[in-house]
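Chemist: File entry16.tsv follows (TSV, C-alpha atoms and all ligand atoms):
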```
chain	number	residue	atom	x	y	z
A	4	MET	CA	39.63	31.58	40.26
A	5	GLY	CA	40.47	30.98	36.60
A	6	TYR	CA	38.76	32.06	33.42
A	7	ARG	CA	35.25	30.68	32.83
A	8	SER	CA	33.70	29.87	29.49
A	9	GLY	CA	30.87	27.77	28.16
A	10	PHE	CA	27.87	27.37	25.90
A	11	VAL	CA	24.27	28.11	26.85
A	12	ALA	CA	21.49	26.96	24.51
A	13	LEU	CA	18.25	28.96	24.48
A	14	VAL	CA	15.47	26.53	23.60
A	15	GLY	CA	11.70	26.69	23.70
A	16	ARG	CA	8.59	26.66	21.57
A	17	PRO	CA	8.28	29.38	18.89
A	18	ASN	CA	7.51	32.97	19.83
A	19	VAL	CA	8.40	32.91	23.54
A	20	GLY	CA	11.13	35.53	23.05
A	21	LYS	CA	14.37	33.56	22.72
A	22	SER	CA	15.86	35.87	20.10
A	23	THR	CA	14.65	39.00	21.89
A	24	LEU	CA	16.33	37.72	25.05
A	25	LEU	CA	19.58	36.99	23.21
A	26	ASN	CA	19.65	40.54	21.84
A	27	ALA	CA	18.76	42.06	25.22
A	28	LEU	CA	21.52	40.14	27.02
A	29	LEU	CA	24.07	41.17	24.41
A	30	GLY	CA	22.80	44.76	24.29
A	31	ARG	CA	22.88	44.48	20.53
A	32	LYS	CA	20.72	43.09	17.76
A	33	VAL	CA	22.20	39.83	16.54
A	34	ALA	CA	19.06	37.80	15.80
A	35	ILE	CA	15.82	38.96	14.21
A	36	ALA	CA	12.57	38.75	16.18
A	37	ALA	CA	8.99	38.91	15.00
A	38	LYS	CA	5.39	38.63	16.16
A	39	LYS	CA	4.99	35.46	14.11
A	40	PRO	CA	6.20	32.05	15.25
A	41	GLN	CA	9.06	30.17	13.57
A	42	THR	CA	11.11	33.29	12.96
A	43	THR	CA	14.53	31.87	13.79
A	44	ARG	CA	15.62	29.09	11.43
A	45	ASN	CA	19.31	28.66	12.32
A	46	ARG	CA	21.60	28.33	15.29
A	47	ILE	CA	22.77	31.87	16.10
A	48	VAL	CA	25.69	32.50	18.39
A	49	GLY	CA	26.00	35.62	20.52
A	50	VAL	CA	29.05	35.98	22.76
A	51	LEU	CA	28.82	37.71	26.11
A	52	HIS	CA	32.27	38.96	27.08
A	53	GLN	CA	33.30	39.77	30.66
A	54	PRO	CA	36.85	40.44	31.90
A	55	ASP	CA	37.28	36.89	33.23
A	56	SER	CA	34.56	34.95	31.49
A	57	GLN	CA	32.93	34.28	28.18
A	58	VAL	CA	29.36	33.01	27.85
A	59	VAL	CA	28.44	31.75	24.42
A	60	LEU	CA	24.68	32.16	24.07
A	61	VAL	CA	23.14	30.02	21.35
A	62	ASP	CA	19.76	31.08	20.00
A	63	THR	CA	17.83	28.26	18.34
A	64	PRO	CA	14.67	27.79	16.25
A	65	GLY	CA	11.43	27.30	18.18
A	66	ILE	CA	10.64	23.60	18.54
A	67	HIS	CA	7.29	22.94	16.86
A	68	GLN	CA	5.20	20.37	14.98
A	69	PRO	CA	6.91	20.42	11.56
A	70	GLN	CA	5.03	20.42	8.27
A	71	HIS	CA	8.06	20.48	5.99
A	72	GLN	CA	11.65	19.36	5.78
A	73	LEU	CA	12.66	22.90	6.75
A	74	GLY	CA	10.73	22.60	10.02
A	75	ARG	CA	12.25	19.21	10.76
A	76	ARG	CA	15.72	20.65	10.28
A	77	MET	CA	14.89	23.64	12.49
A	78	ASN	CA	13.83	21.31	15.30
A	79	LYS	CA	16.93	19.20	14.84
A	80	THR	CA	19.12	22.32	14.94
A	81	ALA	CA	17.55	23.28	18.26
A	82	ARG	CA	17.94	19.83	19.77
A	83	LEU	CA	21.55	19.41	18.65
A	84	SER	CA	22.44	22.86	19.99
A	85	ALA	CA	21.03	21.90	23.38
A	86	LYS	CA	22.96	18.64	23.43
A	87	ASP	CA	26.19	20.50	22.62
A	88	ALA	CA	25.79	23.06	25.39
A	89	ASP	CA	27.07	23.19	28.98
A	90	LEU	CA	23.75	24.58	30.15
A	91	VAL	CA	20.26	24.77	28.66
A	92	TRP	CA	17.69	27.48	29.23
A	93	HIS	CA	14.12	26.47	28.59
A	94	ILE	CA	12.47	29.77	27.72
A	95	VAL	CA	8.70	30.07	28.24
A	96	ASP	CA	6.06	32.78	28.11
A	97	ILE	CA	4.85	33.39	31.68
A	98	SER	CA	1.77	35.27	30.46
A	99	ARG	CA	0.28	32.02	29.16
A	100	PRO	CA	-0.14	28.59	30.69
A	101	PRO	CA	2.04	25.81	29.26
A	102	ASN	CA	0.76	24.28	26.03
A	103	GLN	CA	1.51	21.04	24.23
A	104	GLU	CA	4.62	22.51	22.59
A	105	ASP	CA	6.02	23.66	25.95
A	106	ARG	CA	5.42	20.16	27.31
A	107	GLU	CA	7.25	18.62	24.35
A	108	VAL	CA	10.25	20.88	24.93
A	109	ALA	CA	10.23	20.04	28.66
A	110	ARG	CA	10.15	16.35	27.80
A	111	PHE	CA	13.14	16.79	25.52
A	112	CYS	CA	14.98	18.76	28.25
A	113	GLN	CA	14.32	15.99	30.73
A	114	GLY	CA	16.15	13.56	28.49
A	115	ILE	CA	19.42	15.48	28.18
A	116	ARG	CA	22.26	15.26	30.64
A	117	MET	CA	23.11	18.95	31.16
A	118	PRO	CA	21.39	21.16	33.75
A	119	VAL	CA	18.26	22.96	32.55
A	120	TRP	CA	17.11	26.32	33.88
A	121	LEU	CA	13.57	27.56	33.42
A	122	VAL	CA	13.49	31.15	32.13
A	123	LEU	CA	10.04	32.67	32.39
A	124	ASN	CA	9.91	35.56	29.94
A	125	LYS	CA	7.36	38.32	29.18
A	126	ALA	CA	6.90	39.14	32.87
A	127	ASP	CA	5.88	42.66	31.79
A	128	LEU	CA	2.59	41.22	30.51
A	129	VAL	CA	1.39	40.04	33.92
A	130	SER	CA	0.70	41.96	37.10
A	131	GLN	CA	1.50	39.07	39.43
A	132	VAL	CA	4.27	36.62	38.55
A	133	LYS	CA	4.22	34.58	41.74
A	134	GLY	CA	2.35	31.33	41.35
A	135	ARG	CA	2.25	31.65	37.57
A	136	TRP	CA	5.44	29.65	37.34
A	137	ASP	CA	4.00	26.66	39.19
A	138	PRO	CA	2.54	24.89	36.13
A	139	TYR	CA	5.87	25.42	34.36
A	140	ARG	CA	8.02	24.29	37.27
A	141	ALA	CA	5.90	21.14	37.40
A	142	LEU	CA	6.86	20.19	33.82
A	143	MET	CA	10.23	18.73	34.79
A	144	GLY	CA	13.06	18.88	37.32
A	145	TYR	CA	14.50	22.30	36.50
A	146	HIS	CA	17.68	23.24	38.30
A	147	THR	CA	16.41	26.73	39.05
A	148	HIS	CA	14.17	29.41	37.55
A	149	PHE	CA	14.37	33.09	36.61
A	150	VAL	CA	11.65	35.59	35.78
A	151	VAL	CA	12.59	38.17	33.14
A	152	SER	CA	11.26	40.54	30.55
A	153	ALA	CA	13.46	40.58	27.47
A	154	LEU	CA	11.45	43.47	26.09
A	155	GLU	CA	11.65	45.70	29.17
A	156	GLU	CA	15.05	44.31	30.17
A	157	THR	CA	14.15	43.32	33.71
A	158	GLY	CA	15.70	40.43	35.60
A	159	LEU	CA	18.60	40.28	33.17
A	160	LYS	CA	21.35	41.24	35.60
A	161	ALA	CA	20.52	38.40	37.97
A	162	LEU	CA	20.35	35.96	35.07
A	163	THR	CA	23.69	37.15	33.68
A	164	ARG	CA	25.39	36.94	37.06
A	165	ALA	CA	24.10	33.44	37.63
A	166	VAL	CA	25.06	32.18	34.20
A	167	ILE	CA	28.64	33.42	34.52
A	168	GLU	CA	28.98	31.54	37.78
A	169	ALA	CA	27.57	28.40	36.25
A	170	MET	CA	30.15	28.27	33.44
A	171	PRO	CA	32.95	25.74	33.73
A	172	GLU	CA	36.55	26.87	34.04
A	173	GLY	CA	38.27	26.99	30.69
A	174	ALA	CA	39.80	29.13	27.98
A	175	PRO	CA	37.71	31.45	25.78
A	176	TYR	CA	36.14	29.93	22.66
A	177	TYR	CA	36.04	33.13	20.63
A	178	PRO	CA	38.31	36.18	20.18
A	179	ASP	CA	37.30	39.03	22.47
A	180	ASP	CA	36.03	41.28	19.68
A	181	MET	CA	33.68	38.65	18.28
A	182	ILE	CA	30.00	39.07	19.15
A	183	THR	CA	28.45	36.66	16.67
A	184	ASP	CA	29.56	33.95	14.26
A	185	GLN	CA	27.08	34.73	11.50
A	186	SER	CA	28.28	36.03	8.16
A	187	GLU	CA	27.49	39.46	6.79
A	188	ASP	CA	25.35	37.93	4.02
A	189	PHE	CA	23.37	35.84	6.48
A	190	TYR	CA	22.59	38.92	8.56
A	191	ILE	CA	21.53	40.91	5.48
A	192	GLY	CA	19.17	38.10	4.44
A	193	GLU	CA	17.71	38.01	7.95
A	194	VAL	CA	17.10	41.77	8.00
A	195	VAL	CA	15.18	41.51	4.72
A	196	ARG	CA	13.27	38.45	5.97
A	197	GLU	CA	12.33	40.27	9.17
A	198	GLN	CA	10.63	43.00	7.15
A	199	VAL	CA	8.79	40.44	5.04
A	200	LEU	CA	7.60	38.69	8.23
A	201	ASP	CA	6.42	41.99	9.58
A	202	MET	CA	4.52	43.03	6.47
A	203	THR	CA	2.91	39.82	5.23
A	204	ARG	CA	0.34	37.37	6.54
A	205	GLU	CA	-0.83	33.76	6.39
A	206	GLU	CA	1.49	31.41	4.49
A	207	ILE	CA	3.92	34.00	3.14
A	208	PRO	CA	6.12	34.46	6.25
A	209	TYR	CA	6.77	30.71	6.32
A	210	SER	CA	7.21	30.31	2.57
A	211	ILE	CA	9.98	32.79	1.96
A	212	ALA	CA	13.74	32.66	2.07
A	213	VAL	CA	16.24	35.36	1.19
A	214	ALA	CA	19.54	34.94	-0.65
A	215	VAL	CA	22.19	37.61	-1.14
A	216	ASP	CA	23.33	37.41	-4.77
A	217	GLU	CA	25.75	40.31	-4.85
A	218	ARG	CA	27.33	42.70	-2.36
A	219	VAL	CA	29.90	45.29	-3.39
A	220	LEU	CA	31.32	48.45	-1.94
A	221	ARG	CA	30.64	50.81	-4.85
A	222	ARG	CA	32.09	53.85	-3.11
A	223	PRO	CA	33.70	54.18	0.32
A	224	ASP	CA	30.29	55.33	1.57
A	225	LEU	CA	27.94	53.15	-0.51
A	226	THR	CA	27.30	49.40	-0.43
A	227	TYR	CA	25.27	47.83	-3.22
A	228	ILE	CA	23.34	44.69	-2.27
A	229	ARG	CA	21.23	42.51	-4.54
A	230	CYS	CA	18.94	39.96	-2.90
A	231	THR	CA	16.42	37.43	-4.14
A	232	ILE	CA	13.38	36.66	-2.04
A	233	TYR	CA	12.20	33.12	-2.86
A	234	VAL	CA	8.52	32.25	-2.53
A	235	GLU	CA	6.74	28.96	-3.14
A	236	ARG	CA	3.97	30.03	-5.52
A	237	ASP	CA	3.39	32.67	-8.16
A	238	GLY	CA	0.39	33.94	-6.18
A	239	GLN	CA	2.70	34.69	-3.25
A	240	LYS	CA	5.07	36.46	-5.60
A	241	ALA	CA	2.28	38.76	-6.75
A	242	ILE	CA	1.32	39.57	-3.15
A	243	LEU	CA	4.91	40.23	-2.13
A	244	ILE	CA	5.51	42.58	-5.03
A	245	GLY	CA	2.16	44.26	-4.45
A	246	GLU	CA	0.19	46.60	-6.62
A	247	GLY	CA	2.56	48.72	-8.65
A	248	GLY	CA	5.46	47.16	-6.72
A	249	HIS	CA	4.36	49.01	-3.62
A	250	MET	CA	4.82	46.20	-1.09
A	251	LEU	CA	8.32	45.25	-2.27
A	252	LYS	CA	9.34	48.90	-2.29
A	253	GLU	CA	8.21	49.31	1.32
A	254	ILE	CA	10.03	46.14	2.42
A	255	GLY	CA	13.16	47.42	0.66
A	256	LYS	CA	12.88	50.85	2.22
A	257	ARG	CA	12.64	49.48	5.76
A	258	ALA	CA	15.38	46.89	5.32
A	259	ARG	CA	17.64	49.48	3.73
A	260	ALA	CA	17.21	51.83	6.69
A	261	GLU	CA	18.29	49.09	9.06
A	262	LEU	CA	21.25	48.08	6.89
A	263	GLU	CA	22.39	51.70	6.69
A	264	THR	CA	22.53	51.78	10.48
A	265	TYR	CA	24.47	48.51	10.43
A	266	TYR	CA	27.03	49.75	7.88
A	267	GLY	CA	27.05	53.36	9.01
A	268	HIS	CA	26.79	54.48	5.41
A	269	GLN	CA	24.50	54.48	2.37
A	270	VAL	CA	23.07	51.22	1.08
A	271	PHE	CA	21.52	50.51	-2.28
A	272	LEU	CA	19.25	47.50	-1.80
A	273	ASP	CA	18.06	45.81	-4.96
A	274	LEU	CA	15.30	43.25	-4.22
A	275	TRP	CA	14.00	40.58	-6.60
A	276	VAL	CA	11.32	37.94	-6.10
A	277	LYS	CA	11.43	34.43	-7.60
A	278	THR	CA	9.20	31.38	-7.30
A	279	ARG	CA	10.80	28.05	-6.30
A	280	GLU	CA	7.94	25.64	-5.83
A	281	GLY	CA	8.31	23.43	-2.77
A	282	TRP	CA	11.77	24.68	-1.78
A	283	ARG	CA	10.99	23.89	1.86
A	284	ASP	CA	11.05	20.18	1.01
A	285	GLN	CA	13.99	20.11	-1.39
A	286	ASP	CA	17.40	19.29	-0.01
A	287	ALA	CA	19.37	21.12	-2.71
A	288	TRP	CA	17.39	24.33	-2.21
A	289	LEU	CA	17.44	24.07	1.55
A	290	ARG	CA	21.21	23.78	1.47
A	291	ARG	CA	21.57	26.61	-0.98
A	292	LEU	CA	19.44	28.89	1.18
A	293	GLY	CA	21.39	28.18	4.36
A	294	TYR	CA	19.28	25.41	5.88
A	295	ALA	CA	21.51	22.38	5.45
A	296	ASP	CA	20.79	19.26	7.46
A	297	PRO	CA	22.45	20.14	10.80
A	298	GLU	CA	23.97	16.69	11.23
A	299	ARG	CA	26.38	17.24	8.39
B	301	LIG	N1	5.65	41.76	26.01
B	301	LIG	C1	6.77	41.11	25.70
B	301	LIG	N2	6.96	40.68	24.44
B	301	LIG	C2	8.11	40.01	24.18
B	301	LIG	C3	9.10	39.77	25.15
B	301	LIG	N3	10.09	39.08	24.57
B	301	LIG	C4	9.75	38.92	23.28
B	301	LIG	N4	8.55	39.47	23.04
B	301	LIG	C5	7.83	39.51	21.75
B	301	LIG	O1	7.46	38.19	21.39
B	301	LIG	C6	7.53	38.02	19.98
B	301	LIG	C7	8.42	36.85	19.64
B	301	LIG	O2	9.75	37.17	19.98
B	301	LIG	P1	10.99	36.38	19.38
B	301	LIG	O3	12.19	36.84	20.12
B	301	LIG	O4	11.00	36.45	17.91
B	301	LIG	O5	10.61	34.89	19.84
B	301	LIG	P2	11.41	33.53	19.55
B	301	LIG	O6	11.22	32.67	20.75
B	301	LIG	O7	12.80	33.83	19.15
B	301	LIG	O8	10.57	32.93	18.34
B	301	LIG	P3	11.04	31.87	17.20
B	301	LIG	O9	12.30	32.38	16.59
B	301	LIG	O10	9.90	31.88	16.24
B	301	LIG	O11	11.20	30.55	17.89
B	301	LIG	C8	8.02	39.36	19.41
B	301	LIG	O12	6.90	40.10	18.99
B	301	LIG	C9	8.70	40.00	20.61
B	301	LIG	O13	8.70	41.42	20.57
B	301	LIG	C10	8.86	40.26	26.48
B	301	LIG	O14	9.66	40.11	27.41
B	301	LIG	N5	7.68	40.91	26.69
B	302	MG	MG	13.81	33.42	17.44
```
What does the file become when written as structure tokens?
Ligand SMILES: Nc1nc2c(ncn2[C@@H]2O[C@H](COP(=O)(O)OP(=O)(O)OP(=O)(O)O)[C@@H](O)[C@H]2O)c(=O)[nH]1
Ligand SMILES: [Mg+2]
Modeler:
Amino acid sequence: MGYRSGFVALVGRPNVGKSTLLNALLGRKVAIAAKKPQTTRNRIVGVLHQPDSQVVLVDTPGIHQPQHQLGRRMNKTARLSAKDADLVWHIVDISRPPNQEDREVARFCQGIRMPVWLVLNKADLVSQVKGRWDPYRALMGYHTHFVVSALEETGLKALTRAVIEAMPEGAPYYPDDMITDQSEDFYIGEVVREQVLDMTREEIPYSIAVAVDERVLRRPDLTYIRCTIYVERDGQKAILIGEGGHMLKEIGKRARAELETYYGHQVFLDLWVKTREGWRDQDAWLRRLGYADPER
């Protein structure tokens, strides 16, 4: 048998564990994950290399009811990624019954021409999985289903084996040392954003974006990085900075620790906060912050 390669799109409503599953399958953190919904905003590629196959896993934003242009673009990114793939995984949370958003995603999946697998995640949260998949299986004509826990890494071997077999024959899409297609700056911005998501509440997680303004290797063992965190209102800026700059310092400390692991050396992380009112609805700002209209 020849070499197999193909694209698998991970789609689903927000917060079901798509990014956590991507990282678990790759055995490496490529995408950020958070307790809050709408964490992933872009299409993120993670390549699973085997001696005679290559599976290109594509993490996508959670499909939701959008309130802003940003949300509409996120949904579009997810849908286009699914339409470009050889296989689609509809990821759901088995610990909860299907909701309106799950039904919307299932309806979308029904309308595309590639096979769709149901991946029931968060199995660690339930004592009995059998039967719990029935309301999900009833949503549409899934090709097959798998029960996994991305967090506890169960069921992943069976899923990996099956996905390799399902890939069409063909040459590899990426060089064999390439795990992800995202740029260094994009990843840095995501690491900072993950800490902001973790430490803030209400509107703030949804209202921020991070841009890397400068990144230089100051010494062979020290990278200097300057980032701006954009918020939508001055009130949010005040909260993000915190009393005596405490909150921003803590965000910086945590993000720096993670970036030091990533680089394997010292990092100086310089964080700034700026207000850009309504950036989530402004095309120029969306493009500048890495959320261009996916059609172009
Ligand atoms: N208990 C449990 N929690 C999980 C599992 N997988 C993911 N989670 C948690 O669920 C939350 C959401 O995970 P993400 O991976 O960010 O979810 P997502 O589907 O990528 O979300 P969006 O990017 O917002 O669409 C995080 O707190 C994860 O730790 C799992 O298998 N079991
Ligand atoms: Mg995600």
Chemist: Would you mind listing what lies within 7 Å of stretch 284-286 of chain A as a PyMOL selection string, with all atoms listed in the file counted and same-chain residues fewer than 4 positions away left out?
Modeler: chain A and resi 71-73+290
Chemist: To one decimal place, how far is atom CA of A:Val219 from atom CA of A:Ile191 in Å?
Modeler: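 Separating atom CA of A:Val219 from atom CA of A:Ile191 is a distance of 13.0 Å.
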Chemist: What's the separation between atom CA of A:Leu83 and atom CA of A:Lys160, in Å to one decimal place?
Modeler: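 A separation of 27.6 Å between them.
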Chemist: Using only C-alpha atoms and all ligand atoms, which residues have at least one atom no more than 6 Å from ligand MG 302 (chain B)? Output them as a short mmCIF file (atom, residue, chain, number, x, y, z; two decimals) with C-alpha atoms, keeping the file's coordinate frame.
Modeler:
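The new file selection-v9.cif reads:
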```cif
data_model
loop_
_atom_site.label_atom_id
_atom_site.label_comp_id
_atom_site.auth_asym_id
_atom_site.auth_seq_id
_atom_site.Cartn_x
_atom_site.Cartn_y
_atom_site.Cartn_z
CA LYS A 21 14.37 33.56 22.72
CA SER A 22 15.86 35.87 20.10
CA ALA A 36 12.57 38.75 16.18
CA THR A 42 11.11 33.29 12.96
CA THR A 43 14.53 31.87 13.79
CA PRO A 64 14.67 27.79 16.25
#
```
Chemist: Could you list, as a list of chain:residue names, every residue within 9 Å of stretch 134-138 of chain A, counting only C-alpha atoms and ignoring same-chain residues fewer than 4 positions away?
Modeler: A:Ile97, A:Ser98, A:Arg99, A:Pro100, A:Pro101, A:Leu123, A:Leu142, A:His148, A:Val150
Chemist: How about saving the chosen residues, C-alpha atoms kept, as a PDB file, in the frame of the given file?
Modeler:
```pdb
ATOM      1  CA  ILE A  97       4.850  33.390  31.680  1.00  0.00           C
ATOM      2  CA  SER A  98       1.770  35.270  30.460  1.00  0.00           C
ATOM      3  CA  ARG A  99       0.280  32.020  29.160  1.00  0.00           C
ATOM      4  CA  PRO A 100      -0.140  28.590  30.690  1.00  0.00           C
ATOM      5  CA  PRO A 101       2.040  25.810  29.260  1.00  0.00           C
ATOM      6  CA  LEU A 123      10.040  32.670  32.390  1.00  0.00           C
ATOM      7  CA  LEU A 142       6.860  20.190  33.820  1.00  0.00           C
ATOM      8  CA  HIS A 148      14.170  29.410  37.550  1.00  0.00           C
ATOM      9  CA  VAL A 150      11.650  35.590  35.780  1.00  0.00           C
TER      10      VAL A 150
END
```
Chemist: Tell me, in Å to one decimal, how far atom O3 of ligand LIG 301 (chain B) is from atom CA of A:Val234.
Modeler: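 Here the two named atoms are 23.4 Å from each other.
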Chemist: Which polymer residues, whether protein, DNA or RNA, lie within 6 Å of the coordinate (5.8, 32.4, 25.0) when you count all atoms listed in the file? List them as number ranges by chain, using the chain letters and numbers from the file.
Modeler: A: 18-19, 95-96
Chemist: Considering only C-alpha atoms, state which residue in the set A:Ala141, A:Ile167, A:Val122, A:Cys112 is at the smallest distance from A:Ile94.
Modeler: A:Val122
Chemist: Please complete stretch 11-31 of chain A with N, CA and C atoms and give it back as a PDB file, in the frame of the given file.
Modeler:
```pdb
ATOM      1  N   VAL A  11      25.615  28.160  26.298  1.00  0.00           N
ATOM      2  CA  VAL A  11      24.270  28.110  26.850  1.00  0.00           C
ATOM      3  C   VAL A  11      23.274  28.086  25.689  1.00  0.00           C
ATOM      4  N   ALA A  12      22.473  27.037  25.599  1.00  0.00           N
ATOM      5  CA  ALA A  12      21.490  26.960  24.510  1.00  0.00           C
ATOM      6  C   ALA A  12      20.144  27.495  24.976  1.00  0.00           C
ATOM      7  N   LEU A  13      19.566  28.407  24.178  1.00  0.00           N
ATOM      8  CA  LEU A  13      18.250  28.960  24.480  1.00  0.00           C
ATOM      9  C   LEU A  13      17.221  28.175  23.664  1.00  0.00           C
ATOM     10  N   VAL A  14      16.464  27.329  24.328  1.00  0.00           N
ATOM     11  CA  VAL A  14      15.470  26.530  23.600  1.00  0.00           C
ATOM     12  C   VAL A  14      14.071  26.811  24.125  1.00  0.00           C
ATOM     13  N   GLY A  15      13.094  26.474  23.298  1.00  0.00           N
ATOM     14  CA  GLY A  15      11.700  26.690  23.700  1.00  0.00           C
ATOM     15  C   GLY A  15      10.803  26.591  22.488  1.00  0.00           C
ATOM     16  N   ARG A  16       9.506  26.663  22.707  1.00  0.00           N
ATOM     17  CA  ARG A  16       8.590  26.660  21.570  1.00  0.00           C
ATOM     18  C   ARG A  16       8.714  27.989  20.830  1.00  0.00           C
ATOM     19  N   PRO A  17       8.171  28.108  19.625  1.00  0.00           N
ATOM     20  CA  PRO A  17       8.280  29.380  18.890  1.00  0.00           C
ATOM     21  C   PRO A  17       7.615  30.545  19.639  1.00  0.00           C
ATOM     22  N   ASN A  18       8.158  31.722  19.411  1.00  0.00           N
ATOM     23  CA  ASN A  18       7.510  32.970  19.830  1.00  0.00           C
ATOM     24  C   ASN A  18       7.574  33.323  21.320  1.00  0.00           C
ATOM     25  N   VAL A  19       8.330  32.600  22.114  1.00  0.00           N
ATOM     26  CA  VAL A  19       8.400  32.910  23.540  1.00  0.00           C
ATOM     27  C   VAL A  19       9.382  34.038  23.851  1.00  0.00           C
ATOM     28  N   GLY A  20      10.208  34.411  22.845  1.00  0.00           N
ATOM     29  CA  GLY A  20      11.130  35.530  23.050  1.00  0.00           C
ATOM     30  C   GLY A  20      12.587  35.144  23.183  1.00  0.00           C
ATOM     31  N   LYS A  21      12.975  34.009  22.634  1.00  0.00           N
ATOM     32  CA  LYS A  21      14.370  33.560  22.720  1.00  0.00           C
ATOM     33  C   LYS A  21      15.318  34.564  22.051  1.00  0.00           C
ATOM     34  N   SER A  22      14.977  34.957  20.841  1.00  0.00           N
ATOM     35  CA  SER A  22      15.860  35.870  20.100  1.00  0.00           C
ATOM     36  C   SER A  22      15.878  37.256  20.738  1.00  0.00           C
ATOM     37  N   THR A  23      14.722  37.700  21.221  1.00  0.00           N
ATOM     38  CA  THR A  23      14.650  39.000  21.890  1.00  0.00           C
ATOM     39  C   THR A  23      15.531  38.984  23.141  1.00  0.00           C
ATOM     40  N   LEU A  24      15.513  37.858  23.846  1.00  0.00           N
ATOM     41  CA  LEU A  24      16.330  37.720  25.050  1.00  0.00           C
ATOM     42  C   LEU A  24      17.819  37.715  24.705  1.00  0.00           C
ATOM     43  N   LEU A  25      18.176  37.000  23.655  1.00  0.00           N
ATOM     44  CA  LEU A  25      19.580  36.990  23.210  1.00  0.00           C
ATOM     45  C   LEU A  25      20.051  38.422  22.956  1.00  0.00           C
ATOM     46  N   ASN A  26      19.275  39.165  22.174  1.00  0.00           N
ATOM     47  CA  ASN A  26      19.650  40.540  21.840  1.00  0.00           C
ATOM     48  C   ASN A  26      19.740  41.417  23.095  1.00  0.00           C
ATOM     49  N   ALA A  27      18.778  41.242  24.003  1.00  0.00           N
ATOM     50  CA  ALA A  27      18.760  42.060  25.220  1.00  0.00           C
ATOM     51  C   ALA A  27      19.986  41.769  26.091  1.00  0.00           C
ATOM     52  N   LEU A  28      20.359  40.501  26.199  1.00  0.00           N
ATOM     53  CA  LEU A  28      21.520  40.140  27.020  1.00  0.00           C
ATOM     54  C   LEU A  28      22.811  40.670  26.417  1.00  0.00           C
ATOM     55  N   LEU A  29      22.861  40.688  25.081  1.00  0.00           N
ATOM     56  CA  LEU A  29      24.070  41.170  24.410  1.00  0.00           C
ATOM     57  C   LEU A  29      24.083  42.696  24.296  1.00  0.00           C
ATOM     58  N   GLY A  30      22.902  43.309  24.458  1.00  0.00           N
ATOM     59  CA  GLY A  30      22.800  44.760  24.290  1.00  0.00           C
ATOM     60  C   GLY A  30      22.993  45.159  22.844  1.00  0.00           C
ATOM     61  N   ARG A  31      22.654  44.259  21.942  1.00  0.00           N
ATOM     62  CA  ARG A  31      22.880  44.480  20.530  1.00  0.00           C
ATOM     63  C   ARG A  31      22.029  43.527  19.714  1.00  0.00           C
TER      64      ARG A  31
END
```
